[in-house]
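Undergrad: Before we start, here is the structure in question, set down as structure tokens.
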Amino acid sequence: MEYLIYRVRKGENAEDVARKTGVAARRICALNNCREEQIEEGVRLLIAQAEGREYVVRPFDSLSSVARRFNVSEKHILENNALTSPTLFIGQKLYV
């Protein structure tokens, strides 16, 4: 996995950083042990660039069906996307 360092600018929150880096806010906060609303100006965040293909969850997809489709483990999908729950949502972007 590749990483980059992002310095938080004045007025930015985790969602702003997520939009700029293309990495989900929850993933950024999980890696940096922070809360989305508690990111302060000047803080340097480690941003993990996801590996693999991007997949958008479709109706009736489950973690196990996506894992089978791409021949990876469920654990790989959970870890690569910083997910704490196996519940997927239609339209959610996953890196597999």
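Residues are named by chain letter and number: chains run A, B, ... in the order of the structure tokens, numbers start at 1 in each chain, and ligands are numbered from 1 in the order shown.
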Could you pull out the residues in stretch 28-93 of chain A that DSSP calls alpha helix (DSSP H) from the backbone, as an MDAnalysis selection string?

TA: chainID A and resid 28:32 63:70 74:80

Undergrad: Taking the DSSP secondary structure from the backbone, can you list the residues of chain A that are strand (DSSP E), as an MDAnalysis selection string?

TA: chainID A and resid 2:7 44:49 54:56 93:95

Undergrad: Extract, using only C-alpha atoms, all DNA, RNA and protein residues at most 9 Å from A:Asn32, discarding same-chain residues fewer than 6 positions from it, and format them as a JSON list (two decimals) with all heavy atoms, in the first residue's frame.

TA:
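Here's the written file result.json:
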[["chain", "number", "residue", "atom", "x", "y", "z"],
["A", 45, "LEU", "N", -1.71, 14.41, 8.06],
["A", 45, "LEU", "CA", -2.44, 13.14, 8.02],
["A", 45, "LEU", "C", -1.75, 12.18, 7.07],
["A", 45, "LEU", "O", -1.31, 12.57, 5.99],
["A", 45, "LEU", "CB", -3.88, 13.37, 7.55],
["A", 45, "LEU", "CG", -4.75, 14.26, 8.39],
["A", 45, "LEU", "CD1", -6.08, 14.51, 7.68],
["A", 45, "LEU", "CD2", -4.99, 13.65, 9.76],
["A", 46, "LEU", "N", -1.69, 10.94, 7.48],
["A", 46, "LEU", "CA", -1.20, 9.88, 6.62],
["A", 46, "LEU", "C", -2.39, 9.38, 5.80],
["A", 46, "LEU", "O", -3.43, 9.03, 6.36],
["A", 46, "LEU", "CB", -0.62, 8.75, 7.48],
["A", 46, "LEU", "CG", 0.19, 7.68, 6.78],
["A", 46, "LEU", "CD1", 1.40, 8.29, 6.09],
["A", 46, "LEU", "CD2", 0.64, 6.65, 7.79],
["A", 47, "ILE", "N", -2.26, 9.40, 4.50],
["A", 47, "ILE", "CA", -3.34, 8.98, 3.61],
["A", 47, "ILE", "C", -2.92, 7.71, 2.89],
["A", 47, "ILE", "O", -1.91, 7.69, 2.18],
["A", 47, "ILE", "CB", -3.67, 10.07, 2.56],
["A", 47, "ILE", "CG1", -3.88, 11.44, 3.21],
["A", 47, "ILE", "CG2", -4.83, 9.65, 1.69],
["A", 47, "ILE", "CD1", -5.12, 11.57, 4.04]]

Undergrad: Excluding A:Cys34 and any residue of its chain fewer than 3 positions from it, enumerate the residues within 12 Å of it, using only C-alpha atoms, and give them as a list in words.

TA: Asn13, Ala14, Ala25, Arg26, Arg27, Ile28, Cys29, Ala30, Leu31, Glu37, Gln38, Ile39, Glu40, Val43, Arg44, Leu45 and Leu46 of chain A
